[in-house]
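Structure file work05.txt (compact mmCIF, C-alpha atoms) is printed below.
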# COMPACT_ATOMS: atom_id res chain seq x y z
CA MET A 239 15.45 -16.00 -10.01
CA GLY A 240 18.65 -13.98 -10.37
CA GLY A 241 18.04 -12.21 -7.05
CA VAL A 242 17.45 -15.51 -5.25
CA THR A 243 20.62 -17.03 -6.73
CA SER A 244 22.70 -13.97 -5.84
CA SER A 245 21.37 -14.11 -2.28
CA MET A 246 22.35 -17.75 -2.02
CA ALA A 247 25.81 -16.96 -3.38
CA ALA A 248 26.14 -14.12 -0.89
CA LYS A 249 25.58 -16.54 1.98
CA PHE A 250 28.63 -18.48 0.84
CA ALA A 251 30.71 -15.36 0.14
CA PHE A 252 30.17 -13.15 3.21
CA PHE A 253 30.99 -13.97 6.81
CA PRO A 254 30.93 -10.71 8.80
CA PRO A 255 32.38 -11.04 12.34
CA ASN A 256 29.61 -11.41 14.87
CA PRO A 257 29.76 -9.48 17.09
CA PRO A 258 31.77 -6.70 15.43
CA SER A 259 35.27 -6.20 16.82
CA TYR A 260 34.72 -2.49 17.52
CA LYS A 261 32.16 0.19 18.33
CA LEU A 262 31.81 3.72 17.04
CA ILE A 263 31.43 6.40 19.69
CA THR A 264 31.27 10.17 19.43
CA ASP A 265 33.76 12.30 21.35
CA ASP A 266 31.77 14.81 23.39
CA ALA A 267 34.51 17.45 23.26
CA THR A 268 35.28 17.36 19.53
CA GLY A 269 32.23 15.69 18.01
CA LEU A 270 34.54 13.29 16.15
CA PHE A 271 33.96 9.57 15.77
CA LEU A 272 36.24 7.25 17.73
CA MET A 273 36.77 3.49 17.45
CA ASP A 274 36.36 1.73 20.75
CA PRO A 275 38.53 0.10 22.15
CA PHE A 276 41.33 1.71 20.11
CA PRO A 277 43.06 4.84 21.42
CA HIS A 278 42.61 8.05 19.48
CA ARG A 279 45.39 8.89 17.01
CA GLU A 280 45.92 12.36 15.58
CA ASN A 281 46.68 10.94 12.14
CA VAL A 282 43.60 8.68 11.97
CA ASP A 283 40.12 9.82 10.96
CA VAL A 284 37.11 7.64 11.76
CA LEU A 285 34.27 8.20 9.29
CA ARG A 286 30.73 7.26 8.38
CA LEU A 287 30.05 7.45 4.65
CA PRO A 288 26.69 7.31 2.82
CA THR A 289 26.42 5.02 -0.21
CA ARG A 290 24.29 5.34 -3.33
CA ARG A 291 22.29 2.29 -2.20
CA GLY A 292 21.11 3.99 0.99
CA ASN A 293 23.51 2.40 3.46
CA GLU A 294 26.05 4.08 5.73
CA ILE A 295 29.47 2.46 6.05
CA ALA A 296 32.24 2.85 8.62
CA ALA A 297 35.73 3.75 7.41
CA VAL A 298 39.15 4.83 8.69
CA TYR A 299 41.67 7.10 7.01
CA VAL A 300 45.31 6.88 8.11
CA ARG A 301 47.61 9.78 7.17
CA TYR A 302 51.33 9.52 6.56
CA PRO A 303 53.36 12.78 6.54
CA MET A 304 54.22 13.97 3.02
CA ALA A 305 52.79 10.83 1.41
CA THR A 306 52.02 11.10 -2.32
CA THR A 307 50.22 7.75 -2.65
CA THR A 308 46.99 6.55 -1.07
CA VAL A 309 45.99 2.90 -0.72
CA LEU A 310 42.27 2.08 -0.77
CA TYR A 311 42.05 -1.26 1.03
CA SER A 312 39.14 -3.72 0.60
CA HIS A 313 39.45 -6.45 3.23
CA GLY A 314 38.53 -10.15 3.17
CA ASN A 315 35.15 -11.72 3.85
CA ALA A 316 35.63 -12.69 7.51
CA ALA A 317 37.09 -9.46 8.89
CA ASP A 318 36.14 -5.90 9.75
CA ILE A 319 38.17 -2.71 10.07
CA GLY A 320 38.54 -3.28 13.81
CA GLN A 321 40.47 -6.48 13.15
CA MET A 322 42.41 -4.76 10.33
CA TYR A 323 43.16 -1.58 12.30
CA ASP A 324 46.67 -2.45 13.50
CA LEU A 325 47.65 -3.75 10.06
CA PHE A 326 46.43 -0.52 8.46
CA ILE A 327 48.67 1.49 10.80
CA GLU A 328 51.69 -0.74 10.09
CA LEU A 329 51.20 -0.66 6.33
CA SER A 330 50.90 3.12 6.33
CA ILE A 331 54.16 3.46 8.27
CA HIS A 332 56.25 0.89 6.39
CA LEU A 333 54.95 1.71 2.91
CA ARG A 334 54.88 5.48 3.60
CA VAL A 335 51.39 5.88 2.20
CA ASN A 336 48.03 7.23 3.25
CA LEU A 337 45.55 4.39 3.69
CA MET A 338 41.78 4.16 3.73
CA GLY A 339 40.00 1.01 4.88
CA TYR A 340 36.23 0.55 5.02
CA ASP A 341 33.65 -2.00 6.09
CA TYR A 342 31.18 -3.45 3.62
CA SER A 343 27.47 -2.99 4.20
CA GLY A 344 26.48 -5.33 7.03
CA TYR A 345 30.05 -5.55 8.38
CA GLY A 346 31.29 -3.96 11.58
CA GLN A 347 29.29 -0.80 12.26
CA SER A 348 28.10 -0.41 8.65
CA SER A 349 24.36 -0.53 8.06
CA GLY A 350 22.56 -2.74 5.53
CA LYS A 351 23.24 -6.29 4.42
CA PRO A 352 26.27 -7.66 2.59
CA SER A 353 25.80 -8.29 -1.13
CA GLU A 354 27.85 -8.05 -4.29
CA HIS A 355 26.25 -4.83 -5.50
CA ASN A 356 26.34 -3.27 -2.06
CA THR A 357 30.12 -3.76 -1.97
CA TYR A 358 30.39 -1.98 -5.33
CA ALA A 359 28.50 0.98 -3.85
CA ASP A 360 30.61 0.78 -0.68
CA ILE A 361 33.96 1.12 -2.46
CA GLU A 362 32.54 3.95 -4.60
CA ALA A 363 31.62 5.82 -1.42
CA ALA A 364 35.14 5.36 -0.05
CA TYR A 365 36.69 6.52 -3.32
CA LYS A 366 34.37 9.54 -3.47
CA CYS A 367 35.43 10.48 0.06
CA LEU A 368 39.10 10.38 -0.94
CA GLU A 369 38.42 12.68 -3.87
CA GLU A 370 36.10 15.16 -2.19
CA ASN A 371 37.27 15.20 1.44
CA TYR A 372 41.00 14.65 1.04
CA GLY A 373 41.64 15.96 -2.47
CA THR A 374 43.18 12.67 -3.57
CA LYS A 375 43.63 12.35 -7.31
CA GLN A 376 42.84 9.19 -9.22
CA GLU A 377 46.41 8.79 -10.45
CA ASP A 378 47.70 8.76 -6.87
CA ILE A 379 45.50 5.87 -5.71
CA ILE A 380 46.41 2.19 -5.44
CA LEU A 381 43.46 -0.17 -5.03
CA TYR A 382 44.17 -3.12 -2.74
CA GLY A 383 41.75 -6.07 -2.71
CA GLN A 384 42.08 -9.07 -0.39
CA SER A 385 40.13 -12.28 -1.07
CA VAL A 386 36.50 -11.27 -1.67
CA GLY A 387 37.74 -7.65 -1.64
CA SER A 388 39.25 -8.33 -5.06
CA GLY A 389 35.67 -8.13 -6.41
CA PRO A 390 34.87 -4.50 -5.61
CA THR A 391 38.52 -3.60 -6.26
CA LEU A 392 38.47 -4.79 -9.87
CA ASP A 393 34.97 -3.48 -10.48
CA LEU A 394 36.17 0.02 -9.57
CA ALA A 395 39.55 -0.37 -11.30
CA ILE A 396 38.03 -0.90 -14.74
CA ARG A 397 36.21 2.43 -14.37
CA LEU A 398 39.28 4.49 -13.40
CA PRO A 399 41.45 5.01 -16.50
CA GLN A 400 44.13 7.01 -14.64
CA LEU A 401 44.48 4.69 -11.66
CA ARG A 402 48.04 4.30 -10.35
CA ALA A 403 48.03 0.54 -9.63
CA VAL A 404 46.17 -2.49 -8.26
CA VAL A 405 47.19 -5.10 -5.66
CA LEU A 406 45.31 -8.42 -5.55
CA HIS A 407 45.88 -10.36 -2.32
CA SER A 408 44.67 -14.00 -2.46
CA PRO A 409 42.13 -12.98 -5.14
CA ILE A 410 39.26 -15.05 -6.54
CA LEU A 411 38.45 -15.73 -10.20
CA SER A 412 34.75 -15.55 -9.30
CA GLY A 413 32.49 -16.56 -6.46
CA LEU A 414 31.32 -19.77 -8.10
CA ARG A 415 34.83 -20.82 -9.08
CA VAL A 416 35.88 -20.85 -5.43
CA MET A 417 33.43 -23.70 -4.83
CA TYR A 418 33.42 -25.45 -8.21
CA PRO A 419 36.10 -25.69 -10.96
CA VAL A 420 33.75 -24.44 -13.69
CA LYS A 421 35.21 -23.58 -17.08
CA ARG A 422 32.79 -20.83 -18.06
CA THR A 423 31.09 -17.81 -16.50
CA TYR A 424 27.44 -18.24 -15.58
CA TRP A 425 24.91 -15.44 -15.33
CA PHE A 426 24.23 -16.12 -11.65
CA ASP A 427 27.91 -16.00 -10.64
CA ILE A 428 29.19 -13.14 -8.47
CA TYR A 429 32.43 -11.16 -8.62
CA LYS A 430 33.34 -12.17 -12.17
CA ASN A 431 36.96 -11.04 -11.80
CA ILE A 432 38.09 -13.36 -14.56
CA ASP A 433 36.14 -11.23 -17.05
CA LYS A 434 37.18 -7.86 -15.59
CA ILE A 435 40.94 -8.26 -15.08
CA PRO A 436 41.75 -7.97 -18.84
CA LEU A 437 40.15 -4.50 -18.80
CA VAL A 438 42.48 -3.09 -16.11
CA ARG A 439 45.05 -0.75 -17.71
CA CYS A 440 47.43 -0.07 -14.81
CA PRO A 441 50.18 -2.22 -13.22
CA VAL A 442 48.82 -5.17 -11.23
CA LEU A 443 50.60 -7.05 -8.44
CA VAL A 444 49.21 -10.47 -7.48
CA ILE A 445 50.10 -12.03 -4.11
CA HIS A 446 49.00 -15.58 -3.29
CA GLY A 447 50.00 -18.38 -0.96
CA THR A 448 50.85 -21.72 -2.54
CA ALA A 449 49.17 -23.61 0.34
CA ASP A 450 45.93 -21.60 0.29
CA GLU A 451 43.12 -23.99 1.25
CA VAL A 452 40.31 -21.46 0.88
CA VAL A 453 41.09 -19.94 -2.53
CA ASP A 454 43.46 -22.11 -4.51
CA CYS A 455 46.64 -20.46 -5.77
CA SER A 456 45.51 -21.22 -9.33
CA HIS A 457 43.06 -18.32 -9.00
CA GLY A 458 45.87 -15.83 -8.48
CA ARG A 459 48.03 -17.38 -11.21
CA GLN A 460 45.25 -17.25 -13.80
CA LEU A 461 44.34 -13.67 -12.96
CA TRP A 462 48.00 -12.68 -13.27
CA GLU A 463 48.19 -14.34 -16.71
CA LEU A 464 45.19 -12.29 -17.83
CA CYS A 465 46.66 -8.94 -16.70
CA GLN A 466 47.54 -6.44 -19.40
CA GLU A 467 50.29 -4.75 -17.39
CA LYS A 468 51.83 -7.48 -15.26
CA TYR A 469 54.14 -6.84 -12.35
CA GLU A 470 56.36 -9.54 -10.87
CA PRO A 471 53.95 -11.67 -8.78
CA LEU A 472 54.62 -12.97 -5.30
CA TRP A 473 53.86 -16.66 -4.78
CA LEU A 474 54.50 -17.26 -1.10
CA LYS A 475 55.59 -20.86 -0.63
CA GLY A 476 53.61 -22.44 2.19
CA GLY A 477 51.42 -19.37 2.58
CA ASN A 478 47.79 -19.93 3.49
CA HIS A 479 44.77 -17.71 3.01
CA CYS A 480 45.05 -15.52 6.11
CA ASP A 481 48.73 -15.43 7.05
CA LEU A 482 50.57 -13.83 4.13
CA GLU A 483 51.26 -10.64 6.09
CA LEU A 484 53.48 -12.68 8.43
CA PHE A 485 55.98 -13.51 5.68
CA PRO A 486 58.96 -11.09 5.46
CA GLU A 487 58.75 -11.24 1.65
CA TYR A 488 55.22 -9.85 1.76
CA LEU A 489 56.10 -6.40 3.06
CA ARG A 490 59.38 -6.27 1.16
CA HIS A 491 57.80 -7.09 -2.21
CA LEU A 492 54.84 -4.79 -1.61
CA LYS A 493 57.15 -1.90 -0.79
CA LYS A 494 59.20 -2.60 -3.91
CA PHE A 495 56.04 -2.52 -6.02
CA ILE A 496 54.80 0.78 -4.60
CA THR A 497 58.22 2.38 -5.01
CA SER A 498 58.28 1.17 -8.60
CA VAL A 499 54.90 2.61 -9.58
CA GLU A 500 55.67 5.88 -7.79
CA LYS A 501 58.87 6.28 -9.83
CA SER A 502 57.27 5.23 -13.09
CA PRO A 503 55.86 7.90 -15.42
CA SER A 504 52.84 9.41 -13.72
CA ARG A 505 49.39 8.42 -14.88
CA ARG A 506 48.89 12.19 -15.31
CA SER A 507 51.26 12.31 -18.26
CA SER A 508 49.62 9.27 -19.85
CA SER A 509 46.07 10.17 -18.92
CA ARG A 510 45.07 11.04 -22.47
CA ARG A 511 46.46 7.77 -23.76
CA SER A 512 44.83 5.80 -20.95
CA THR A 513 41.51 7.53 -21.43
CA ASP A 514 41.58 6.77 -25.15
CA ARG A 515 42.09 3.10 -24.40
CA ILE A 516 39.51 2.69 -21.66
CA GLU A 517 36.73 4.69 -23.31
CA ARG A 518 36.56 2.73 -26.53
CA PRO A 519 32.77 3.12 -26.92
CA ARG A 520 33.31 6.87 -27.45
CA ARG A 521 35.28 6.19 -30.61
CA SER A 522 32.07 5.17 -32.36
CA THR A 523 30.84 8.74 -31.91
CA ASP A 524 34.22 10.28 -32.58
CA CYS A 525 34.00 9.09 -36.18
CA PHE A 526 31.53 11.94 -36.77
CA GLU A 527 34.16 14.40 -35.61
CA ALA A 528 36.77 13.79 -38.27
CA PRO A 529 37.81 17.47 -38.45
CA ARG A 530 39.21 17.18 -34.92
CA LYS A 531 41.75 14.64 -36.07
CA SER A 532 43.00 16.97 -38.77
CA THR A 533 43.40 19.78 -36.26
CA ASP A 534 45.29 17.47 -33.94
CA ARG A 535 47.75 16.82 -36.76
CA ARG A 536 48.11 20.50 -37.51
CA GLU A 537 48.90 21.20 -33.89
CA ARG A 538 51.76 18.72 -33.70
CA PRO A 539 54.42 21.14 -34.99
CA ARG A 540 53.76 23.33 -31.94
CA LYS A 541 55.69 20.86 -29.80
CA SER A 542 58.81 21.44 -31.89
CA THR A 543 58.62 25.19 -31.17
CA ASP A 544 59.32 24.64 -27.48
CA ARG A 545 62.84 26.11 -27.85
CA PRO A 546 64.52 29.10 -26.19
CA GLU A 547 62.46 32.27 -26.45
CA LYS A 548 65.25 34.24 -28.14
CA LEU A 549 65.56 31.71 -30.91
CA ARG A 550 61.84 31.65 -31.49
CA LEU A 551 61.72 35.46 -31.57
CA HIS A 552 64.60 35.65 -34.05
CA GLU A 553 62.95 33.10 -36.33
CA TYR A 554 59.66 34.91 -35.98
CA LYS A 555 61.19 38.24 -37.04
CA PHE A 556 63.18 36.70 -39.86
CA ASN A 557 60.24 34.78 -41.26
CA ASN A 558 57.90 37.75 -40.95
CA MET A 559 60.38 40.15 -42.63
CA ASP A 560 60.76 37.69 -45.48
CA LYS A 561 57.01 37.33 -45.82
CA LEU A 562 56.55 41.11 -45.59
CA GLU A 563 59.07 41.74 -48.35
CA LYS A 564 57.39 39.22 -50.63
CA PHE A 565 54.03 40.76 -49.82
CA ARG A 566 55.27 44.26 -50.66
CA THR A 567 56.71 43.08 -54.00
CA SER A 568 53.48 41.34 -54.85
CA PHE A 569 51.45 44.37 -53.80
CA ASP A 570 53.58 46.73 -55.94
CA GLN A 571 53.10 44.52 -58.97
CA MET A 572 49.37 44.44 -58.38
CA GLU A 573 49.30 48.23 -57.99
CA LYS A 574 51.18 48.78 -61.28
CA SER A 575 48.83 46.42 -63.05
CA ARG A 576 45.83 48.22 -61.60
CA ARG A 577 47.12 51.62 -62.65
CA SER A 578 47.80 50.31 -66.15
CA VAL A 579 44.31 48.94 -66.39
CA ASP A 580 42.86 52.23 -65.07
CA TYR A 581 44.87 54.19 -67.65
CA HIS A 582 43.64 52.04 -70.54
CA GLU A 583 40.13 52.19 -69.15
CA LYS A 584 40.22 55.99 -69.13
CA SER A 585 41.60 56.06 -72.68
CA ARG A 586 38.87 53.71 -73.85
CA LYS A 587 36.22 55.87 -72.21
CA SER A 588 37.64 59.01 -73.87
CA ILE A 589 37.54 57.39 -77.32
CA ASP A 590 34.00 56.15 -76.69
CA GLN A 591 32.91 59.66 -75.74
CA GLN A 592 34.40 61.13 -78.91
CA LEU A 593 32.72 58.52 -81.09
CA GLU A 594 29.42 59.10 -79.32
CA ARG A 595 29.61 62.83 -79.97
CA ALA A 596 30.39 62.30 -83.66
CA ARG A 597 27.46 59.84 -83.97
CA LYS A 598 25.04 62.31 -82.38
CA SER A 599 26.24 65.08 -84.68
CA VAL A 600 25.56 62.91 -87.76
CA ASP A 601 22.16 61.85 -86.41
CA TRP A 602 21.18 65.48 -85.80
CA ARG A 603 22.01 66.54 -89.34
CA GLY A 604 20.27 63.56 -90.87
CA GLY A 605 17.27 64.28 -88.69
CA LYS A 606 16.67 67.62 -90.24
CA LYS A 607 16.62 66.20 -93.78
CA MET A 608 14.38 63.31 -92.86
CA GLY A 609 11.97 65.71 -91.20
CA LYS A 610 11.00 67.40 -94.49
CA GLU A 611 10.51 64.10 -96.29
CA ASP A 612 8.36 62.80 -93.46
CA CYS A 613 6.09 65.86 -93.70
CA LEU A 614 5.64 65.41 -97.46
CA GLY A 615 4.80 61.77 -96.94
CA GLN A 616 2.08 62.61 -94.45
CA ASN A 617 0.39 64.98 -96.98
CA PHE A 618 -0.22 62.12 -99.39
Is it possible to give me this structure as C-alpha cells?
Amino acid sequence: MGGVTSSMAAKFAFFPPNPPSYKLITDDATGLFLMDPFPHRENVDVLRLPTRRGNEIAAVYVRYPMATTTVLYSHGNAADIGQMYDLFIELSIHLRVNLMGYDYSGYGQSSGKPSEHNTYADIEAAYKCLEENYGTKQEDIILYGQSVGSGPTLDLAIRLPQLRAVVLHSPILSGLRVMYPVKRTYWFDIYKNIDKIPLVRCPVLVIHGTADEVVDCSHGRQLWELCQEKYEPLWLKGGNHCDLELFPEYLRHLKKFITSVEKSPSRRSSSRRSTDRIERPRRSTDCFEAPRKSTDRRERPRKSTDRPEKLRLHEYKFNNMDKLEKFRTSFDQMEKSRRSVDYHEKSRKSIDQQLERARKSVDWRGGKKMGKEDCLGQNF
C-alpha cells in the first residue's frame, strides 16, 4: 500500500521535461562527455555518476578559480540540467564558487524513474563525487535545494554534521502539504521537510516569493521558523515560483549569505561540537565509557601550556629542580632510617646468637647428668 501511495504522490511531484533539453555525447578526441547543444568549456566537467539504487545520473561540475566553497544544487521538479546550465555558469561567476548540478533519476539523460528515494540516492552520488573526485570537504559545501529539490537537500543535510550551510529556494513543507493544508504528517507523505528542518545544525537561508502560486510562501516561512540556525530570509515581494532569479535582490542576498558563512568560524573548528550534537544516539553507548570523560578533564590544562617555548622550558626546569630536591631530601631520610633499622637488626641478631650459644652450653651440661639417671631408670 505504501509503495502504491508513494507512486501516486510521485506522479504529482515530478514533471521531467519531455524531451530532455540536452544530449550527452562523447568527444572522440578526448573521450570526455559533452552536453549538446552547449559549447565545451574548459572549466566545466560533464559526468555520469552511478547511484546506490542502480541508476546512472547526469551531472555537471563548474569550477571557479581559487574558490573555497562548493554549491551542490538540486533543481526544481520541471527542469533538467540543460535548462539550468546557463544559470549554473552565472551563479558560479557571481558567487565565486564551484558548483555541481545533477539530474534526478528519470530526468534529462539520467536513467531510471523519478521517485523520492531515488532522489535521495541521486544527491548522495553527487556528494560522493565531490568528496572522492574533487577532494571537496564537507565543511566547504553549501547545499542548495529549489522547490522539490529541498527534499533531497534536507535529507542529506541532516546527515552531514559539518556542513557549511543550506539554501532553500521556494521550498516545500512536504509533498502532501503542497496540495492540501494538512496539520499533521501522514505515513504516506513524501519529502517530510517539516520534520527534518529542526535537525539541521548549520546556517539556513530561505528564499521565497510572496506571490508563489505553486508552493505558497507560508511553506518557506514555516520552515524558516523551525530552523535552529536562522539566517535573514529573503521574501521577494511579487515573486512567483519560477522567476526569483530575475530579482536583483536574489543574487545580492545570496552573495551576502555565502560571504557571511565563509567568514564565520569554519565548521572544521566546531566539528567536534557539531558531531556531538548530531550524533545523539551515540551518547547512550558513551555512558559505558565514563573514564574517557575524566581523561578529557585531565587534558584541559594542556591548552593553558600553549605559551612561548622558553617560558615553558624555564618552568619545566624550575619545577623539576624543585621536585628533584624534595625527592633527594626524602630519599636521604629514608636511607638514614634504613641504615638505623639495619644497625639495630644486626645488634639484635648478635644478642640472639650469644643467647643461643649460652642456652646450648647449658643444655649440653645438663644432658650429661640426665644421661646417667636415664640409664639407671632403664635398669629397673
Atomic distance atom CA of A:Gly447 - atom CA of A:Thr307, expressed in Å with one decimal: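 Pair atom CA of A:Gly447 / atom CA of A:Thr307 returns 26.2 Å.
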Nearest to A:Met273 by atom-to-atom distance, counting only C-alpha atoms, from A:Asn293, A:Gln321, A:Ser385, A:Ser498: A:Gln321
Enclose all atoms of stretch 486-498 of chain A listed in the file in an axis-aligned box, grow every side by 8 Å, and hand back centre and edge lengths in Å to one decimal, as AutoDock Vina command-line options.
--center_x 57.1 --center_y -4.4 --center_z -1.6 --size_x 20.6 --size_y 29.6 --size_z 30.1
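Remark: for A:Val309, the closest of the candidate residues A:Tyr382, A:Phe326, A:Tyr340, A:Phe271 is A:Tyr382 (distances computed over only C-alpha atoms).
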Exercise: stretch 342-356 of chain A partners within 10 Å, all atoms listed in the file, chain neighbours under 4 positions left out, as an MDAnalysis selection string: chainID A and resid 244:245 247:249 251:262 286:297 312:321 360:362 386:387 389:390 413 428:429
Pairwise distance for atom CA of A:Leu368 and atom CA of A:Thr268, rounded to one decimal in Å: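 Value for the atom CA of A:Leu368-atom CA of A:Thr268 distance: 22.0 Å.
One finds atom CA of A:Val300 at 4.6 Å from atom CA of A:Val282.
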Selected residue, from A:Ala449, A:Ile331, A:Leu482, A:Ala364, that lies nearest to A:Val298 when counting all atoms listed in the file: A:Ala364
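Residues lying within 8 Å of (40.5, -17.2, -7.4). Counted over only C-alpha atoms, they are Ser408, Pro409, Ile410, Leu411, Ser412, Arg415, Val416, Val453, Asp454, Cys455, Ser456, His457, Gly458, Gln460 and Leu461 of chain A.
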Go ahead and write the residues just picked, C-alpha atoms, as a JSON list (two decimals), keeping the file's coordinate frame.
[["chain", "number", "residue", "atom", "x", "y", "z"],
["A", 408, "SER", "CA", 44.67, -14.00, -2.46],
["A", 409, "PRO", "CA", 42.13, -12.98, -5.14],
["A", 410, "ILE", "CA", 39.26, -15.05, -6.54],
["A", 411, "LEU", "CA", 38.45, -15.73, -10.20],
["A", 412, "SER", "CA", 34.75, -15.55, -9.30],
["A", 415, "ARG", "CA", 34.83, -20.82, -9.08],
["A", 416, "VAL", "CA", 35.88, -20.85, -5.43],
["A", 453, "VAL", "CA", 41.09, -19.94, -2.53],
["A", 454, "ASP", "CA", 43.46, -22.11, -4.51],
["A", 455, "CYS", "CA", 46.64, -20.46, -5.77],
["A", 456, "SER", "CA", 45.51, -21.22, -9.33],
["A", 457, "HIS", "CA", 43.06, -18.32, -9.00],
["A", 458, "GLY", "CA", 45.87, -15.83, -8.48],
["A", 460, "GLN", "CA", 45.25, -17.25, -13.80],
["A", 461, "LEU", "CA", 44.34, -13.67, -12.96]]
Selected residue, from A:Lys475, A:His491, A:Arg422, A:Lys430, that lies nearest to A:Val444 when counting only C-alpha atoms: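 Distance minimum relative to A:Val444 lands on A:His491.
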Closest of A:Val499, A:Leu381, A:Leu414, A:Leu492 to A:Leu329 - atom-to-atom distances counting all atoms listed in the file: A:Leu492
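Among the candidates A:Trp462, A:Tyr311, A:Tyr488, A:Trp473, the residue lying nearest to A:Thr391 is A:Tyr311 (atoms considered: all atoms listed in the file).
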Could you pull stretch 286-293 of chain A out of the block above and give me all heavy atoms, as a short mmCIF file (atom, residue, chain, number, x, y, z; two decimals), in the first residue's frame?
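Output contents, as saved in decode-v7.cif:
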data_model
loop_
_atom_site.label_atom_id
_atom_site.label_comp_id
_atom_site.auth_asym_id
_atom_site.auth_seq_id
_atom_site.Cartn_x
_atom_site.Cartn_y
_atom_site.Cartn_z
N ARG A 286 28.79 11.28 -15.63
CA ARG A 286 27.75 10.28 -15.39
C ARG A 286 28.12 9.55 -14.11
O ARG A 286 29.23 9.00 -13.99
CB ARG A 286 27.63 9.30 -16.56
CG ARG A 286 27.08 9.93 -17.84
CD ARG A 286 26.75 8.89 -18.90
NE ARG A 286 25.62 8.06 -18.51
CZ ARG A 286 24.33 8.38 -18.76
NH1 ARG A 286 24.06 9.51 -19.39
NH2 ARG A 286 23.36 7.57 -18.40
N LEU A 287 27.20 9.55 -13.14
CA LEU A 287 27.51 9.03 -11.81
C LEU A 287 26.58 7.87 -11.46
O LEU A 287 25.35 7.99 -11.59
CB LEU A 287 27.35 10.14 -10.76
CG LEU A 287 28.07 11.46 -11.04
CD1 LEU A 287 27.70 12.49 -9.98
CD2 LEU A 287 29.58 11.24 -11.07
N PRO A 288 27.13 6.75 -10.98
CA PRO A 288 26.29 5.63 -10.54
C PRO A 288 25.70 5.91 -9.16
O PRO A 288 26.32 6.55 -8.32
CB PRO A 288 27.29 4.46 -10.49
CG PRO A 288 28.61 5.11 -10.20
CD PRO A 288 28.57 6.45 -10.89
N THR A 289 24.49 5.44 -8.93
CA THR A 289 23.85 5.60 -7.62
C THR A 289 23.72 4.25 -6.94
O THR A 289 23.82 3.20 -7.58
CB THR A 289 22.45 6.24 -7.76
OG1 THR A 289 21.52 5.24 -8.24
CG2 THR A 289 22.47 7.41 -8.72
N ARG A 290 23.47 4.28 -5.64
CA ARG A 290 23.35 3.03 -4.88
C ARG A 290 22.07 2.26 -5.22
O ARG A 290 21.90 1.11 -4.81
CB ARG A 290 23.38 3.33 -3.38
CG ARG A 290 22.30 4.27 -2.88
CD ARG A 290 22.37 4.46 -1.38
NE ARG A 290 21.48 5.51 -0.90
CZ ARG A 290 20.18 5.36 -0.68
NH1 ARG A 290 19.62 4.18 -0.91
NH2 ARG A 290 19.45 6.36 -0.23
N ARG A 291 21.16 2.89 -5.96
CA ARG A 291 19.92 2.21 -6.36
C ARG A 291 19.99 1.70 -7.80
O ARG A 291 18.97 1.34 -8.41
CB ARG A 291 18.73 3.14 -6.17
CG ARG A 291 18.44 3.44 -4.69
CD ARG A 291 17.32 4.45 -4.52
NE ARG A 291 16.02 3.93 -4.95
CZ ARG A 291 15.17 3.23 -4.20
NH1 ARG A 291 15.51 2.96 -2.93
NH2 ARG A 291 14.02 2.83 -4.67
N GLY A 292 21.19 1.68 -8.37
CA GLY A 292 21.40 1.07 -9.67
C GLY A 292 21.17 1.97 -10.86
O GLY A 292 21.25 1.52 -12.00
N ASN A 293 20.91 3.24 -10.63
CA ASN A 293 20.73 4.17 -11.75
C ASN A 293 22.03 4.90 -12.06
O ASN A 293 23.00 4.84 -11.28
CB ASN A 293 19.63 5.18 -11.42
CG ASN A 293 18.27 4.52 -11.24
OD1 ASN A 293 17.94 3.58 -11.96
ND2 ASN A 293 17.50 4.99 -10.28
#
